[in-house]
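One file, protein-v1.csv, is given below (CSV, C-alpha atoms and all ligand atoms).
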chain,number,residue,atom,x,y,z
A,228,MET,CA,-0.3,-34.9,3.6
A,229,SER,CA,-3.1,-35.0,6.2
A,230,GLU,CA,-6.0,-37.4,5.9
A,231,ALA,CA,-8.4,-34.5,5.7
A,232,LYS,CA,-6.7,-33.1,2.7
A,233,VAL,CA,-6.9,-36.5,0.8
A,234,ASN,CA,-10.6,-36.8,1.7
A,235,ASN,CA,-11.4,-33.2,0.8
A,236,LYS,CA,-11.7,-33.4,-2.9
A,237,THR,CA,-13.3,-29.9,-3.1
A,238,ASP,CA,-10.1,-28.2,-2.0
A,239,ILE,CA,-8.3,-27.9,-5.3
A,240,SER,CA,-8.0,-24.1,-5.1
A,241,GLU,CA,-4.5,-22.6,-5.3
A,242,PHE,CA,-5.5,-20.5,-2.3
A,243,ALA,CA,-5.5,-21.4,1.3
A,244,ILE,CA,-7.5,-18.3,2.3
A,245,GLN,CA,-10.0,-16.2,0.4
A,246,THR,CA,-12.2,-13.5,1.9
A,247,GLU,CA,-14.5,-11.0,0.2
A,248,GLN,CA,-15.7,-7.8,1.8
A,249,LEU,CA,-15.0,-9.3,5.3
A,250,SER,CA,-16.0,-6.9,8.0
A,251,ARG,CA,-16.3,-7.0,11.8
A,252,SER,CA,-17.7,-4.3,14.1
A,253,PHE,CA,-17.6,-4.0,17.8
A,254,GLY,CA,-20.4,-1.6,18.5
A,255,ASP,CA,-19.7,1.5,16.4
A,256,LEU,CA,-16.1,0.5,15.8
A,257,LYS,CA,-15.2,-1.2,12.6
A,258,ALA,CA,-12.3,-3.4,13.6
A,259,ILE,CA,-12.0,-4.9,10.1
A,260,ASP,CA,-13.6,-3.2,7.1
A,261,SER,CA,-14.3,-4.8,3.7
A,262,LEU,CA,-11.2,-6.9,3.7
A,263,ASP,CA,-10.5,-8.8,0.4
A,264,LEU,CA,-7.8,-11.3,0.9
A,265,GLN,CA,-6.1,-14.1,-1.2
A,266,VAL,CA,-3.4,-16.2,0.4
A,267,LYS,CA,-1.8,-18.8,-1.8
A,268,LYS,CA,-0.9,-22.2,-0.4
A,269,ALA,CA,2.6,-22.9,0.9
A,270,GLU,CA,3.3,-19.2,1.2
A,271,ILE,CA,4.1,-16.9,4.1
A,272,TYR,CA,1.6,-14.1,4.2
A,273,GLY,CA,2.0,-11.1,6.6
A,274,PHE,CA,-0.4,-8.7,8.2
A,275,LEU,CA,1.6,-5.6,8.9
A,276,GLY,CA,0.0,-3.0,11.1
A,277,PRO,CA,0.2,-1.0,14.3
A,278,ASN,CA,-1.7,-1.9,17.5
A,279,GLY,CA,-5.4,-1.7,17.0
A,280,SER,CA,-5.3,-2.1,13.2
A,281,GLY,CA,-7.4,-5.3,13.3
A,282,LYS,CA,-4.7,-8.0,12.9
A,283,THR,CA,-6.0,-10.2,15.8
A,284,THR,CA,-9.6,-9.6,14.8
A,285,ALA,CA,-8.9,-10.8,11.3
A,286,ILE,CA,-7.0,-13.8,12.4
A,287,ARG,CA,-9.8,-14.8,14.9
A,288,MET,CA,-12.3,-14.7,12.0
A,289,LEU,CA,-10.0,-16.7,9.7
A,290,THR,CA,-9.7,-19.4,12.4
A,291,GLY,CA,-13.5,-19.6,12.8
A,292,LEU,CA,-13.3,-18.3,16.4
A,293,LEU,CA,-15.1,-15.1,15.7
A,294,SER,CA,-18.1,-14.5,13.4
A,295,PRO,CA,-17.9,-11.7,10.9
A,296,THR,CA,-20.5,-9.0,10.8
A,297,SER,CA,-20.6,-9.4,7.0
A,298,GLY,CA,-18.6,-10.8,4.1
A,299,SER,CA,-17.5,-14.2,3.2
A,300,ILE,CA,-14.5,-16.4,4.2
A,301,ASN,CA,-13.2,-19.6,2.6
A,302,VAL,CA,-10.3,-21.4,4.4
A,303,LEU,CA,-8.9,-24.6,2.9
A,304,GLY,CA,-12.1,-25.1,1.0
A,305,HIS,CA,-14.4,-24.5,4.0
A,306,SER,CA,-16.9,-21.7,4.4
A,307,LEU,CA,-16.6,-19.9,7.8
A,308,PRO,CA,-18.0,-19.6,10.3
A,309,GLN,CA,-20.4,-22.5,9.3
A,310,ASP,CA,-17.7,-25.2,8.8
A,311,ALA,CA,-15.4,-24.1,11.6
A,312,GLU,CA,-15.5,-27.5,13.2
A,313,LYS,CA,-14.2,-29.3,10.0
A,314,LEU,CA,-11.3,-26.8,9.9
A,315,ARG,CA,-10.1,-27.2,13.5
A,316,ARG,CA,-7.7,-30.1,12.9
A,317,LYS,CA,-6.2,-28.6,9.7
A,318,ILE,CA,-5.1,-25.3,11.3
A,319,GLY,CA,-2.7,-24.3,14.0
A,320,TYR,CA,-3.0,-21.0,15.9
A,321,MET,CA,-0.3,-19.4,18.0
A,322,THR,CA,-2.0,-16.6,19.9
A,323,GLN,CA,-0.5,-13.3,20.7
A,324,LYS,CA,-0.2,-14.1,24.4
A,325,PHE,CA,1.7,-17.2,25.5
A,326,SER,CA,-1.2,-19.7,26.0
A,327,LEU,CA,0.6,-22.8,27.4
A,328,TYR,CA,0.9,-23.7,31.0
A,329,ASP,CA,3.7,-22.0,32.9
A,330,ASP,CA,3.5,-24.6,35.7
A,331,LEU,CA,3.9,-27.6,33.4
A,332,THR,CA,7.2,-28.7,31.9
A,333,VAL,CA,7.9,-28.5,28.2
A,334,GLN,CA,7.2,-32.2,27.7
A,335,GLU,CA,4.0,-32.1,29.8
A,336,ASN,CA,2.7,-29.1,27.8
A,337,LEU,CA,3.3,-31.0,24.6
A,338,ARG,CA,1.7,-34.2,25.9
A,339,PHE,CA,-1.4,-32.2,27.0
A,340,ILE,CA,-1.8,-30.8,23.5
A,341,ALA,CA,-1.2,-34.2,21.9
A,342,LYS,CA,-4.0,-35.6,24.1
A,343,ILE,CA,-6.4,-32.8,22.9
A,344,TYR,CA,-5.6,-33.9,19.3
A,345,GLY,CA,-6.2,-37.5,20.2
A,346,LEU,CA,-2.7,-38.8,19.2
A,347,ARG,CA,-2.2,-42.4,20.1
A,348,ALA,CA,0.6,-43.2,22.7
A,349,LYS,CA,3.2,-44.3,20.2
A,350,GLN,CA,2.5,-41.6,17.8
A,351,GLN,CA,2.5,-39.0,20.6
A,352,LYS,CA,5.9,-40.1,21.8
A,353,GLN,CA,7.5,-40.0,18.3
A,354,ARG,CA,6.0,-36.7,17.4
A,355,ILE,CA,7.0,-35.0,20.7
A,356,GLU,CA,10.6,-36.3,20.4
A,357,GLN,CA,10.7,-35.0,16.9
A,358,LEU,CA,9.4,-31.6,17.9
A,359,LEU,CA,11.8,-31.4,20.9
A,360,SER,CA,14.7,-32.0,18.5
A,361,VAL,CA,13.5,-29.6,15.7
A,362,TYR,CA,13.0,-26.8,18.1
A,363,GLY,CA,16.1,-27.4,20.2
A,364,LEU,CA,14.2,-28.2,23.4
A,365,ASP,CA,15.4,-31.7,24.2
A,366,GLN,CA,17.7,-30.5,26.9
A,367,ARG,CA,14.8,-28.5,28.4
A,368,LYS,CA,12.1,-31.1,28.3
A,369,ASN,CA,11.8,-31.3,32.1
A,370,GLN,CA,12.0,-27.5,32.6
A,371,LEU,CA,8.8,-25.6,33.6
A,372,ALA,CA,7.6,-23.5,30.7
A,373,GLY,CA,7.3,-20.5,33.0
A,374,SER,CA,11.0,-20.5,33.7
A,375,MET,CA,12.1,-20.2,30.1
A,376,SER,CA,13.2,-17.2,28.1
A,377,GLY,CA,11.0,-15.4,25.6
A,378,GLY,CA,12.7,-17.1,22.6
A,379,GLN,CA,12.4,-20.6,24.2
A,380,ARG,CA,8.7,-20.1,25.1
A,381,GLN,CA,8.0,-19.1,21.5
A,382,ARG,CA,9.7,-22.2,20.2
A,383,LEU,CA,7.6,-24.3,22.5
A,384,ALA,CA,4.5,-22.5,21.4
A,385,LEU,CA,5.4,-23.1,17.8
A,386,ALA,CA,6.0,-26.8,18.5
A,387,ALA,CA,2.6,-27.0,20.3
A,388,SER,CA,0.7,-25.3,17.4
A,389,THR,CA,2.3,-27.6,14.8
A,390,LEU,CA,2.0,-30.8,16.8
A,391,HIS,CA,-0.9,-32.1,14.7
A,392,GLN,CA,0.9,-31.1,11.4
A,393,PRO,CA,-1.6,-28.5,10.3
A,394,ASP,CA,-1.9,-27.4,6.6
A,395,LEU,CA,-2.3,-23.8,7.7
A,396,LEU,CA,-0.7,-22.0,10.6
A,397,PHE,CA,-1.7,-18.7,12.1
A,398,LEU,CA,0.9,-16.8,14.2
A,399,ASP,CA,-0.2,-13.6,15.9
A,400,GLU,CA,2.8,-11.4,16.6
A,401,PRO,CA,4.9,-14.4,17.4
A,402,THR,CA,8.2,-12.7,18.1
A,403,SER,CA,7.2,-9.6,20.1
A,404,ALA,CA,9.0,-10.9,23.2
A,405,VAL,CA,12.0,-12.4,21.3
A,406,ASP,CA,15.5,-11.0,20.9
A,407,PRO,CA,16.9,-10.4,17.3
A,408,GLU,CA,19.0,-13.6,17.2
A,409,ASN,CA,16.1,-15.8,18.3
A,410,ARG,CA,13.8,-14.0,16.0
A,411,ARG,CA,16.0,-14.9,13.1
A,412,GLU,CA,16.1,-18.5,14.1
A,413,PHE,CA,12.3,-18.5,14.5
A,414,TRP,CA,11.9,-17.3,11.0
A,415,GLU,CA,14.3,-20.0,9.6
A,416,GLN,CA,11.9,-22.5,11.2
A,417,LEU,CA,8.9,-20.8,9.6
A,418,PHE,CA,10.6,-21.2,6.2
A,419,ASP,CA,11.3,-24.9,6.9
A,420,LEU,CA,7.6,-25.4,7.6
A,421,CYS,CA,6.7,-23.5,4.5
A,422,GLU,CA,8.9,-25.7,2.4
A,423,GLN,CA,7.1,-28.7,3.8
A,424,GLY,CA,3.9,-27.2,2.3
A,425,THR,CA,2.5,-25.4,5.3
A,426,THR,CA,0.8,-22.1,4.6
A,427,ILE,CA,1.6,-19.5,7.2
A,428,LEU,CA,-0.3,-16.3,8.1
A,429,VAL,CA,1.7,-14.1,10.5
A,430,SER,CA,0.9,-10.7,12.0
A,431,THR,CA,3.6,-8.3,13.0
A,432,HIS,CA,4.4,-4.7,13.6
A,433,TYR,CA,8.1,-5.1,12.7
A,434,MET,CA,9.1,-4.0,9.2
A,435,ASP,CA,12.0,-6.4,9.0
A,436,GLU,CA,9.7,-9.3,9.8
A,437,ALA,CA,7.2,-8.1,7.2
A,438,GLU,CA,10.0,-7.9,4.6
A,439,ARG,CA,10.6,-11.7,5.0
A,440,CYS,CA,7.0,-12.6,4.0
A,441,HIS,CA,6.3,-13.7,0.4
A,442,LYS,CA,3.3,-11.3,0.4
A,443,LEU,CA,1.8,-9.0,2.9
A,444,ALA,CA,-1.2,-6.7,3.6
A,445,ILE,CA,-0.7,-3.4,5.3
A,446,LEU,CA,-3.5,-2.8,7.7
A,447,GLU,CA,-4.5,0.5,9.3
A,448,SER,CA,-7.7,1.1,11.3
A,449,GLY,CA,-9.2,-2.1,9.9
A,450,PHE,CA,-8.5,-1.2,6.3
A,451,LYS,CA,-6.1,-2.9,3.9
A,452,ARG,CA,-4.1,0.0,2.6
A,453,ALA,CA,-1.9,-2.1,0.3
A,454,ASP,CA,-0.9,-5.6,-0.5
A,455,GLY,CA,1.6,-7.5,-2.6
A,456,SER,CA,5.1,-8.9,-2.3
A,457,PRO,CA,7.6,-6.6,-0.5
A,458,ASP,CA,9.3,-5.9,-3.9
A,459,GLU,CA,6.0,-5.1,-5.6
A,460,LEU,CA,5.1,-2.7,-2.8
A,461,MET,CA,8.4,-1.0,-2.9
A,462,ALA,CA,8.3,-0.7,-6.8
A,463,GLN,CA,4.8,0.9,-6.6
A,464,LEU,CA,5.7,3.3,-3.9
A,465,GLY,CA,4.6,6.5,-5.7
A,466,ALA,CA,7.2,8.6,-4.0
A,467,HIS,CA,10.9,9.6,-4.2
A,468,VAL,CA,13.2,8.8,-1.4
A,469,ILE,CA,16.0,11.3,-0.8
A,470,GLU,CA,18.5,11.3,2.0
A,471,ILE,CA,20.0,14.6,3.1
A,472,GLU,CA,23.3,14.4,5.0
A,473,SER,CA,23.8,17.2,7.5
A,474,HIS,CA,24.1,18.4,11.1
A,475,ASN,CA,21.2,20.3,12.6
A,476,LEU,CA,18.6,18.1,11.0
A,477,ARG,CA,15.9,18.7,13.5
A,478,GLN,CA,15.1,22.2,12.2
A,479,LEU,CA,15.3,21.1,8.7
A,480,LYS,CA,12.8,18.4,9.4
A,481,GLN,CA,10.4,20.8,10.9
A,482,HIS,CA,10.6,23.0,7.8
A,483,LEU,CA,10.2,20.1,5.3
A,484,ILE,CA,7.2,18.4,6.9
A,485,LEU,CA,5.2,21.6,6.5
A,486,GLN,CA,5.6,21.4,2.7
A,487,PRO,CA,2.6,19.7,1.0
A,488,GLN,CA,4.9,17.8,-1.4
A,489,VAL,CA,6.7,16.2,1.5
A,490,ILE,CA,5.1,13.0,2.7
A,491,SER,CA,7.4,12.4,5.6
A,492,ALA,CA,10.9,13.1,7.0
A,493,ALA,CA,12.6,10.9,9.5
A,494,GLN,CA,16.1,11.1,10.9
A,495,LEU,CA,18.5,8.2,10.6
A,496,GLY,CA,21.8,9.2,12.4
A,497,SER,CA,23.3,12.1,10.5
A,498,ARG,CA,20.8,11.7,7.5
A,499,LEU,CA,17.3,12.9,7.0
A,500,ARG,CA,15.2,10.5,4.9
A,501,VAL,CA,12.6,12.5,3.0
A,502,LEU,CA,9.7,11.0,1.1
A,503,ILE,CA,8.5,13.3,-1.7
A,504,GLN,CA,5.4,12.9,-3.8
A,505,ASP,CA,6.3,11.5,-7.3
A,506,SER,CA,4.4,14.3,-9.0
A,507,GLN,CA,7.6,16.2,-8.3
A,508,SER,CA,9.7,15.2,-11.4
A,509,ASP,CA,13.0,16.5,-10.0
A,510,PRO,CA,12.9,15.9,-6.2
A,511,VAL,CA,16.5,17.1,-5.6
A,512,ALA,CA,15.9,20.4,-7.4
A,513,PHE,CA,12.7,20.8,-5.4
A,514,LEU,CA,14.6,20.3,-2.1
A,515,ARG,CA,17.4,22.6,-3.2
A,516,HIS,CA,14.9,25.4,-3.7
A,517,GLN,CA,13.8,25.2,-0.1
A,518,ALA,CA,15.3,28.1,1.8
A,519,PRO,CA,17.1,26.2,4.6
A,520,LEU,CA,18.8,24.0,1.9
A,521,SER,CA,20.0,26.7,-0.5
A,522,ASN,CA,23.6,26.5,0.7
A,523,PHE,CA,23.8,22.7,0.7
A,524,LYS,CA,26.2,20.9,-1.7
A,525,PRO,CA,25.0,18.4,-4.3
A,526,GLU,CA,26.8,15.6,-2.6
A,527,GLN,CA,24.7,16.1,0.5
A,528,PHE,CA,21.6,14.7,-1.4
A,529,SER,CA,21.2,11.2,-2.5
A,530,GLN,CA,18.3,9.4,-4.1
A,531,VAL,CA,17.9,5.9,-2.5
A,532,ARG,CA,15.9,2.8,-3.0
A,533,PRO,CA,12.6,2.6,-1.1
A,534,SER,CA,12.2,0.3,1.9
A,535,LEU,CA,9.1,-1.4,3.2
A,536,GLU,CA,9.0,1.3,6.0
A,537,ASP,CA,8.7,3.9,3.3
A,538,VAL,CA,5.8,2.0,1.8
A,539,PHE,CA,4.2,1.8,5.2
A,540,VAL,CA,4.6,5.5,5.9
A,541,THR,CA,3.3,6.4,2.4
A,542,CYS,CA,0.2,4.4,2.6
A,543,THR,CA,-0.8,5.0,6.2
A,544,GLY,CA,-1.4,8.2,8.1
A,545,ASP,CA,2.0,8.2,9.9
A,546,GLY,CA,3.9,10.5,7.5
A,547,ARG,CA,1.4,13.3,7.7
A,548,GLN,CA,1.6,13.7,11.5
B,1,LIG,N1,-13.8,-8.1,21.7
B,1,LIG,C1,-13.7,-6.8,21.4
B,1,LIG,N2,-14.6,-5.9,21.9
B,1,LIG,C2,-14.5,-4.6,21.6
B,1,LIG,N3,-13.5,-4.1,20.8
B,1,LIG,C3,-12.6,-4.9,20.3
B,1,LIG,C4,-12.6,-6.3,20.6
B,1,LIG,N4,-11.6,-6.9,20.0
B,1,LIG,C5,-10.9,-5.9,19.4
B,1,LIG,N5,-11.5,-4.8,19.6
B,1,LIG,C6,-11.1,-3.5,19.0
B,1,LIG,O1,-10.9,-3.7,17.6
B,1,LIG,C7,-9.7,-2.9,17.2
B,1,LIG,C8,-8.8,-3.9,16.5
B,1,LIG,O2,-8.2,-4.7,17.5
B,1,LIG,P1,-7.2,-5.9,17.2
B,1,LIG,O3,-7.8,-6.8,16.2
B,1,LIG,O4,-6.9,-6.5,18.5
B,1,LIG,O5,-6.0,-5.1,16.6
B,1,LIG,P2,-4.4,-5.6,16.6
B,1,LIG,O6,-4.4,-7.0,16.7
B,1,LIG,O7,-4.0,-5.1,15.2
B,1,LIG,O8,-3.7,-4.8,17.7
B,1,LIG,C9,-9.2,-2.2,18.4
B,1,LIG,O9,-9.7,-0.9,18.4
B,1,LIG,C10,-9.7,-3.0,19.5
B,1,LIG,O10,-9.9,-2.2,20.7
B,2,MG,MG,-3.3,-8.1,18.1
Please, can you express the file's structure as structure tokens?
Ligand SMILES: Nc1ncnc2c1ncn2[C@@H]1O[C@H](COP(=O)(O)OP(=O)(O)O)[C@@H](O)[C@H]1O
Ligand SMILES: [Mg+2]
Amino acid sequence: MSEAKVNNKTDISEFAIQTEQLSRSFGDLKAIDSLDLQVKKAEIYGFLGPNGSGKTTAIRMLTGLLSPTSGSINVLGHSLPQDAEKLRRKIGYMTQKFSLYDDLTVQENLRFIAKIYGLRAKQQKQRIEQLLSVYGLDQRKNQLAGSMSGGQRQRLALAASTLHQPDLLFLDEPTSAVDPENRREFWEQLFDLCEQGTTILVSTHYMDEAERCHKLAILESGFKRADGSPDELMAQLGAHVIEIESHNLRQLKQHLILQPQVISAAQLGSRLRVLIQDSQSDPVAFLRHQAPLSNFKPEQFSQVRPSLEDVFVTCTGDGRQ
């Protein structure tokens, strides 16, 4: 437990982050609009949203780097932006762009960060050795950061942002440049940190990544469209998901998306995944009444469990395009 946490007797809340009606405008553009957020301690919380949905803007406000236009923020018992300085050592922030030095080695980068945090020589050596081992970088400690792969750079960036053992870690699209295998490994490391008590807020535009979070908020154009655990969000979908197996799905799709009861239709190989408003009590009967489907056999239709992608499509504008 960090010294700051022991001294800070006011931080008895179960939440690491709380915001009320948090908004930030840039000129006429509302990048974040009336965001209410509650992130529990030692939980991995996701921001899922497309480019421009306000993920980075929200994170910058939660780290105290950007002032809100209106609304309130409490992070680890501190009000922001007023108390940003007190928060600095309790949080880690891995920015969207690699922000370490390409022309320094792995070890030099970590030493540089350790100096910024004022670690004493012995402490610095121990901590860096520990991080090199945890993140599988011991063999590469003398390699220039700029010459490493996407996955290795992200591991180094994670090591750097956790060097001072923060209580709360912000990760902005940490795996955009990482292949699936390294992404999986990266997430295992996030769960290790979480188990040690670190709260993690991570932004992503990948569904599979969002599905790993304990809770998430779906953001679109600065608005929170939905929040909850992936299971809660899927259970509250408010739509039926039917898959239709057939050839010639492109024409069928064109017909279906024109029907007001159809939220979206997307092809997956030889299946068309159709989301239908749950006001339709018998979605398969509804589909079979559609002219292009009148000759289809019953076994070509199957009602399936919703996915997080279905939730995303239902609560954002995408499905109605
Ligand atoms: N400093 C800024 N000045 C003007 N507009 C900005 C600034 N930062 C972000 N924006 C705008 O705010 C919106 C949200 O951006 P951002 O938070 O970066 O979204 P995301 O991280 O989800 O891609 C975008 O329309 C972006 O162009
Ligand atoms: Mg961003």
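With a cut-off of 7 Å and using only C-alpha atoms and all ligand atoms, the polymer residues contacting ligand MG 2 (chain B) are Asn278, Gly279, Gly281, Lys282, Thr283, Gln323 and Asp399 of chain A.
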inquiry  = Within 8 Å of (9.5, -30.1, 30.6) in the file's own coordinates, which protein, DNA or RNA residues have an atom, counting all atoms listed in the file? List them as JSON, numbers by chain.
reply    = {"A": [331, 332, 333, 334, 335, 336, 367, 368, 369, 370, 371, 372]}
Long-range neighbours of Ser473 of chain A as a PDB file with C-alpha atoms, in the frame of the given file, 10 Å cut-off, all atoms listed in the file, 2 positions minimum in chain:
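Result saved to result-v3.pdb:
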ATOM      1  CA  GLU A 470      18.500  11.300   2.000  1.00  0.00           C
ATOM      2  CA  ILE A 471      20.000  14.600   3.100  1.00  0.00           C
ATOM      3  CA  ASN A 475      21.200  20.300  12.600  1.00  0.00           C
ATOM      4  CA  LEU A 476      18.600  18.100  11.000  1.00  0.00           C
ATOM      5  CA  LEU A 479      15.300  21.100   8.700  1.00  0.00           C
ATOM      6  CA  GLY A 496      21.800   9.200  12.400  1.00  0.00           C
ATOM      7  CA  SER A 497      23.300  12.100  10.500  1.00  0.00           C
ATOM      8  CA  ARG A 498      20.800  11.700   7.500  1.00  0.00           C
ATOM      9  CA  LEU A 499      17.300  12.900   7.000  1.00  0.00           C
ATOM     10  CA  PHE A 523      23.800  22.700   0.700  1.00  0.00           C
ATOM     11  CA  GLN A 527      24.700  16.100   0.500  1.00  0.00           C
ATOM     12  CA  PHE A 528      21.600  14.700  -1.400  1.00  0.00           C
TER      13      PHE A 528
END
ask   = Can you tell me, as a count of residues only, what residues are no more than 9 Å from Val361 of chain A when counting all atoms listed in the file, ignoring any on the same chain fewer than 4 positions away?
value = 5
request  = Give the residue list for ligand LIG 1 (chain B) at 9 Å, counting all atoms listed in the file, as JSON, numbers by chain, sorted by chain and then by residue number.
outcome  = {"A": [251, 252, 253, 254, 256, 257, 258, 259, 274, 275, 276, 277, 278, 279, 280, 281, 282, 283, 284, 285, 286, 287, 323, 399, 400, 430, 431, 432, 446, 447, 448, 449]}
key: Local residues around (9.3, -12.2, 23.1), at most 10 Å away, using all atoms listed in the file, as a PyMOL selection string   = chain A and resi 324-325+376-381+400-407+409-410
key: Long-range neighbours of Ser506 of chain A as a ChimeraX atom specification, 10 Å cut-off, all atoms listed in the file, 3 positions minimum in chain   = /A:465-467,488,503,509-510
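Closest approach to Leu327 of chain A among A:Ile427, A:Val468, A:Ile340, A:Val501: A:Ile340, based on only C-alpha atoms.
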request  = Identify which of the residues A:Tyr272, A:Ser491, A:Leu417, A:Arg315 lies closest to Pro457 of chain A, counting only C-alpha atoms when measuring atom-to-atom distances.
outcome  =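 Once distances to Pro457 of chain A are computed over only C-alpha atoms, the minimum belongs to A:Tyr272.
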task = State, in Å with one decimal place, the distance from atom CA of Pro295 of chain A to atom CA of Ser250 of chain A.
result = 5.9 Å
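Taking atom CA of Ser326 of chain A and atom CA of Ala384 of chain A as endpoints, the distance between them is 7.8 Å.
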request  = Point out the residue among A:Leu249, A:Leu514, A:Ala462, A:Val538 with the least atom-to-atom distance to His482 of chain A, counting all atoms listed in the file.
outcome  =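 Smallest distance to His482 of chain A is found for A:Leu514.
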remark   = For Thr425 of chain A, the closest of A:Leu396, A:Leu289, A:Ile239, A:Leu262 counting all atoms listed in the file is A:Leu396
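Reported to one decimal place, the separation of atom CA of Asp458 of chain A from atom CA of Gln248 of chain A is 25.7 Å.
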message = Using all atoms listed in the file, which protein or nucleic acid residues come within 9 Å of Ile271 of chain A? Drop anything in the same chain fewer than 2 positions from it, and give the result as a list in words.
response = Val266, Lys267, Lys268, Ala269, Gly273, Leu417, Phe418, Cys421, Thr425, Thr426, Ile427, Leu428, Val429, Arg439, Cys440, His441, Lys442 and Leu443 of chain A
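Proximity to Ile445 of chain A was assessed for A:Leu358, A:Val489, A:Leu460, A:Ala243 counting only C-alpha atoms; the smallest distance is recorded for A:Leu460.
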inquiry  = Here is a test: counting all atoms listed in the file, which residue of A:Gln463, A:Ser508, A:Gln494, A:Gln481 is nearest to Cys542 of chain A?
reply    = A:Gln463
task = Find the residues near segment 297-312 of chain A: any atom within 10 Å, counting all atoms listed in the file, skip ones fewer than 4 places away on the same chain, and give them as a PyMOL selection string.
result = chain A and resi 232+235-252+260-266+268+288-293+316-318+394-395
